Amino acid sequence: MKIIGIIPARMESTRFPGKPLKKIKNKAMIDFVYENATKNQLLDDVYIATCNKEIAEHCKFKDYKFVMTSIKHKRASDRCAEALKKIENLKKIKYKIIVLIQGDEPMLNKNMITEALNPLIENNKIQISNLIYKLDKDEYINKNVVKVVFDKDLYALYFSRSPIPYSNTKNKIVAYKQIAIIPFRKNFLFKYLRMKETNLEKIESVDMMRVLENGYKVKLVKTKYNTYSVDTLSDLKKVSRLINE
């Protein structure tokens with residue numbers, strides 16, 4: 001069963017333009033993501049998918065595998081799907097599982113990919129999974145952090161950028177965030193892309209809501225490894241400090 005990791009990366013982030021090539025310890029942020037992903041033994045290939053010449057030139061210089069994609073994509077899943085088709089045509093290989101690894105996760109640990117993949121490897125009925133980790137207080141109120149609530153079997157009930165579940169002074173809660181390492185079965189990825197964008201997906205700006213609104217399940221996995229994604233300059237400074245430590 002062939003498995004590929006695809007890292008969508010673009011320079012036009014509305015919150016932090018140019019972030020894939022921003023430096024941490026004299027390395028571009030995308031370097032941390034790619035190099036850590038390639039250490040995972042379950043991935044047969046790792047590619048960066050980009051629409052930017054700057055990122056492409058960086059990949060050539062670093063001898064990273066990459067593929068150019070359209071500038072029209074608004075969603076990481078769309079960019080990954082186009083990249084997958086090109087890679088399969090180029091290599092004459094058919095992959096069964098695609099792991100979407102966001103390019104703004106420089107604290108990625110190779111074992112996180114294994115954790116996310118295990119449900120799909122062990123259970124043929126699971127089509128998609130997400131890693132989750134406990135939120136801290138700042139993340140709970142940060143709109144850039146996607147929160148998730150789930151049922152007793154660790155299937156997602158709802159994703160939101162708002163604080164969920166609701167907390168009051170009487171009840172102590174444990175809240176969780178989504179970590180953007182998302183394995184899809186290939187057939188389900190293309191089924192997902194054929195679905196129309198849904199109302200809650202647009203409201204929350206969370207891709208996974210399209211899955212839930214169409215009646216499919218998202219399996220969640222509690223990871224042992226915490227990460228902080230980089231959405232702003234202040235995030236970059238925080239992650240740089242943590243990596244240095």
# chains A, B, ... in the order shown; residues from 1 in each chain; ligands from 1
>>> residues_around(residues="region 205-215 of chain A", least_positions_apart="5", cutoff="9 Å", atoms="only C-alpha atoms", output="list in words")
Arg75, Ala76, Ser77, Val146, Ala156, Leu157, Tyr158, Phe159, Ser160, Arg161, Tyr192, Met195, Lys196, Glu197, Thr198, Asn199 and Leu200 of chain A
>>> residues_around(residues="Tyr155 (chain A)", least_positions_apart="2", cutoff="10 Å", atoms="only C-alpha atoms", output="PyMOL selection string")
chain A and resi 129-130+148-153+157-158+217-221
>>> select_by_dssp(residues="region 91-171 of chain A", states="alpha helix (DSSP H)", output="PyMOL selection string")
chain A and resi 91+110-122+137-140
>>> write_last_selection(atoms="N, CA, C and O atoms", output="PDB file, in the first residue's frame")
ATOM      1  N   LYS A  91       5.560   9.379 -12.010  1.00  0.00           N
ATOM      2  CA  LYS A  91       6.257   8.214 -11.466  1.00  0.00           C
ATOM      3  C   LYS A  91       5.626   6.882 -11.871  1.00  0.00           C
ATOM      4  O   LYS A  91       6.182   5.816 -11.572  1.00  0.00           O
ATOM      5  N   LYS A 110       8.270  13.264  13.307  1.00  0.00           N
ATOM      6  CA  LYS A 110       8.003  12.190  12.347  1.00  0.00           C
ATOM      7  C   LYS A 110       6.988  11.181  12.880  1.00  0.00           C
ATOM      8  O   LYS A 110       6.208  10.603  12.110  1.00  0.00           O
ATOM      9  N   ASN A 111       6.960  10.955  14.200  1.00  0.00           N
ATOM     10  CA  ASN A 111       6.051   9.972  14.785  1.00  0.00           C
ATOM     11  C   ASN A 111       4.592  10.417  14.732  1.00  0.00           C
ATOM     12  O   ASN A 111       3.683   9.576  14.805  1.00  0.00           O
ATOM     13  N   MET A 112       4.356  11.708  14.590  1.00  0.00           N
ATOM     14  CA  MET A 112       2.989  12.213  14.475  1.00  0.00           C
ATOM     15  C   MET A 112       2.321  11.684  13.206  1.00  0.00           C
ATOM     16  O   MET A 112       1.116  11.428  13.178  1.00  0.00           O
ATOM     17  N   ILE A 113       3.100  11.529  12.158  1.00  0.00           N
ATOM     18  CA  ILE A 113       2.561  11.012  10.899  1.00  0.00           C
ATOM     19  C   ILE A 113       2.120   9.564  11.076  1.00  0.00           C
ATOM     20  O   ILE A 113       1.051   9.153  10.603  1.00  0.00           O
ATOM     21  N   THR A 114       2.920   8.785  11.794  1.00  0.00           N
ATOM     22  CA  THR A 114       2.551   7.399  12.086  1.00  0.00           C
ATOM     23  C   THR A 114       1.278   7.348  12.915  1.00  0.00           C
ATOM     24  O   THR A 114       0.379   6.530  12.636  1.00  0.00           O
ATOM     25  N   GLU A 115       1.186   8.187  13.926  1.00  0.00           N
ATOM     26  CA  GLU A 115      -0.018   8.229  14.767  1.00  0.00           C
ATOM     27  C   GLU A 115      -1.262   8.509  13.924  1.00  0.00           C
ATOM     28  O   GLU A 115      -2.309   7.876  14.109  1.00  0.00           O
ATOM     29  N   ALA A 116      -1.148   9.478  13.015  1.00  0.00           N
ATOM     30  CA  ALA A 116      -2.288   9.855  12.183  1.00  0.00           C
ATOM     31  C   ALA A 116      -2.657   8.752  11.197  1.00  0.00           C
ATOM     32  O   ALA A 116      -3.838   8.560  10.869  1.00  0.00           O
ATOM     33  N   LEU A 117      -1.659   8.017  10.708  1.00  0.00           N
ATOM     34  CA  LEU A 117      -1.887   6.979   9.704  1.00  0.00           C
ATOM     35  C   LEU A 117      -2.454   5.687  10.275  1.00  0.00           C
ATOM     36  O   LEU A 117      -3.185   4.959   9.583  1.00  0.00           O
ATOM     37  N   ASN A 118      -2.129   5.372  11.506  1.00  0.00           N
ATOM     38  CA  ASN A 118      -2.479   4.070  12.075  1.00  0.00           C
ATOM     39  C   ASN A 118      -3.959   3.699  11.933  1.00  0.00           C
ATOM     40  O   ASN A 118      -4.271   2.554  11.586  1.00  0.00           O
ATOM     41  N   PRO A 119      -4.911   4.619  12.188  1.00  0.00           N
ATOM     42  CA  PRO A 119      -6.320   4.232  12.036  1.00  0.00           C
ATOM     43  C   PRO A 119      -6.667   3.761  10.625  1.00  0.00           C
ATOM     44  O   PRO A 119      -7.442   2.810  10.459  1.00  0.00           O
ATOM     45  N   LEU A 120      -6.118   4.390   9.596  1.00  0.00           N
ATOM     46  CA  LEU A 120      -6.408   3.995   8.217  1.00  0.00           C
ATOM     47  C   LEU A 120      -5.738   2.674   7.859  1.00  0.00           C
ATOM     48  O   LEU A 120      -6.274   1.890   7.072  1.00  0.00           O
ATOM     49  N   ILE A 121      -4.564   2.440   8.429  1.00  0.00           N
ATOM     50  CA  ILE A 121      -3.852   1.194   8.163  1.00  0.00           C
ATOM     51  C   ILE A 121      -4.552   0.020   8.850  1.00  0.00           C
ATOM     52  O   ILE A 121      -4.645  -1.079   8.300  1.00  0.00           O
ATOM     53  N   GLU A 122      -5.083   0.268  10.041  1.00  0.00           N
ATOM     54  CA  GLU A 122      -5.672  -0.805  10.845  1.00  0.00           C
ATOM     55  C   GLU A 122      -7.140  -1.063  10.541  1.00  0.00           C
ATOM     56  O   GLU A 122      -7.652  -2.141  10.846  1.00  0.00           O
ATOM     57  N   LYS A 137      -4.538  27.902  27.304  1.00  0.00           N
ATOM     58  CA  LYS A 137      -5.517  28.986  27.474  1.00  0.00           C
ATOM     59  C   LYS A 137      -5.489  29.971  26.312  1.00  0.00           C
ATOM     60  O   LYS A 137      -6.538  30.437  25.857  1.00  0.00           O
ATOM     61  N   ASP A 138      -4.303  30.304  25.834  1.00  0.00           N
ATOM     62  CA  ASP A 138      -4.196  31.266  24.733  1.00  0.00           C
ATOM     63  C   ASP A 138      -4.780  30.699  23.452  1.00  0.00           C
ATOM     64  O   ASP A 138      -5.453  31.395  22.696  1.00  0.00           O
ATOM     65  N   GLU A 139      -4.546  29.434  23.198  1.00  0.00           N
ATOM     66  CA  GLU A 139      -5.064  28.810  21.984  1.00  0.00           C
ATOM     67  C   GLU A 139      -6.590  28.710  22.010  1.00  0.00           C
ATOM     68  O   GLU A 139      -7.245  28.797  20.973  1.00  0.00           O
ATOM     69  N   TYR A 140      -7.148  28.526  23.196  1.00  0.00           N
ATOM     70  CA  TYR A 140      -8.596  28.363  23.345  1.00  0.00           C
ATOM     71  C   TYR A 140      -9.352  29.580  22.787  1.00  0.00           C
ATOM     72  O   TYR A 140     -10.443  29.446  22.226  1.00  0.00           O
TER      73      TYR A 140
END
>>> residues_around(residues="Ala83 (chain A)", least_positions_apart="3", cutoff="12 Å", atoms="only C-alpha atoms", output="PyMOL selection string")
chain A and resi 4-9+46-51+65-70+73+76-80+86-90+98+100
>>> select_by_dssp(residues="chain A", states="strand (DSSP E or B)", output="JSON, numbers by chain")
{"A": [3, 4, 5, 6, 7, 8, 9, 23, 24, 27, 28, 45, 46, 47, 48, 49, 50, 66, 67, 68, 97, 98, 99, 100, 101, 128, 129, 130, 131, 132, 133, 134, 147, 148, 149, 150, 155, 156, 157, 158, 159, 160, 176, 177, 178, 179, 181, 182, 183, 184, 185, 219, 220, 221, 222]}
>>> write_last_selection(atoms="C-alpha atoms", output="mmCIF file, in the first residue's frame")
data_model
loop_
_atom_site.group_PDB
_atom_site.id
_atom_site.type_symbol
_atom_site.label_atom_id
_atom_site.label_comp_id
_atom_site.auth_asym_id
_atom_site.auth_seq_id
_atom_site.Cartn_x
_atom_site.Cartn_y
_atom_site.Cartn_z
ATOM 1 C CA ILE A 3 1.540 6.209 0.959
ATOM 2 C CA ILE A 4 2.614 9.728 0.013
ATOM 3 C CA GLY A 5 3.028 12.871 2.082
ATOM 4 C CA ILE A 6 2.205 16.130 0.312
ATOM 5 C CA ILE A 7 3.075 19.511 1.813
ATOM 6 C CA PRO A 8 1.035 22.347 0.273
ATOM 7 C CA ALA A 9 2.900 25.639 0.521
ATOM 8 C CA LYS A 23 13.739 31.677 8.797
ATOM 9 C CA ILE A 24 13.987 29.669 12.009
ATOM 10 C CA LYS A 27 16.596 27.553 7.984
ATOM 11 C CA ALA A 28 13.384 28.190 6.096
ATOM 12 C CA ASP A 45 7.413 9.682 -0.925
ATOM 13 C CA VAL A 46 7.231 13.268 0.295
ATOM 14 C CA TYR A 47 6.584 16.183 -2.063
ATOM 15 C CA ILE A 48 6.059 19.909 -1.652
ATOM 16 C CA ALA A 49 3.153 21.240 -3.738
ATOM 17 C CA THR A 50 3.454 24.920 -4.586
ATOM 18 C CA PHE A 66 8.306 19.260 -5.446
ATOM 19 C CA VAL A 67 5.573 19.780 -7.992
ATOM 20 C CA MET A 68 4.098 22.989 -9.397
ATOM 21 C CA ILE A 97 -3.248 7.074 1.074
ATOM 22 C CA ILE A 98 -2.311 10.753 0.899
ATOM 23 C CA VAL A 99 -1.128 12.565 4.008
ATOM 24 C CA LEU A 100 -1.770 16.299 3.809
ATOM 25 C CA ILE A 101 0.949 17.960 5.904
ATOM 26 C CA ILE A 128 -9.825 10.192 6.977
ATOM 27 C CA SER A 129 -8.180 11.040 10.284
ATOM 28 C CA ASN A 130 -6.968 14.111 12.166
ATOM 29 C CA LEU A 131 -4.450 14.527 14.961
ATOM 30 C CA ILE A 132 -5.571 16.455 18.046
ATOM 31 C CA TYR A 133 -3.843 17.822 21.153
ATOM 32 C CA LYS A 134 -4.938 19.592 24.324
ATOM 33 C CA LYS A 147 -10.850 23.485 17.899
ATOM 34 C CA VAL A 148 -12.705 20.180 17.807
ATOM 35 C CA VAL A 149 -15.188 18.277 19.966
ATOM 36 C CA PHE A 150 -15.772 14.544 19.601
ATOM 37 C CA TYR A 155 -15.015 10.710 15.978
ATOM 38 C CA ALA A 156 -15.357 14.437 15.373
ATOM 39 C CA LEU A 157 -18.672 16.117 16.146
ATOM 40 C CA TYR A 158 -17.745 19.684 15.195
ATOM 41 C CA PHE A 159 -14.777 21.883 14.283
ATOM 42 C CA SER A 160 -14.686 25.612 15.008
ATOM 43 C CA TYR A 176 -8.567 20.073 21.923
ATOM 44 C CA LYS A 177 -7.081 21.578 18.789
ATOM 45 C CA GLN A 178 -6.725 20.117 15.319
ATOM 46 C CA ILE A 179 -3.164 19.544 14.114
ATOM 47 C CA ILE A 181 -1.566 16.342 9.529
ATOM 48 C CA ILE A 182 -4.483 14.752 7.685
ATOM 49 C CA PRO A 183 -4.374 11.330 5.980
ATOM 50 C CA PHE A 184 -7.032 10.658 3.302
ATOM 51 C CA ARG A 185 -7.684 7.489 1.380
ATOM 52 C CA LYS A 219 -11.486 9.763 13.090
ATOM 53 C CA LEU A 220 -9.429 11.676 15.658
ATOM 54 C CA VAL A 221 -6.147 10.614 17.219
ATOM 55 C CA LYS A 222 -4.727 12.130 20.392
#
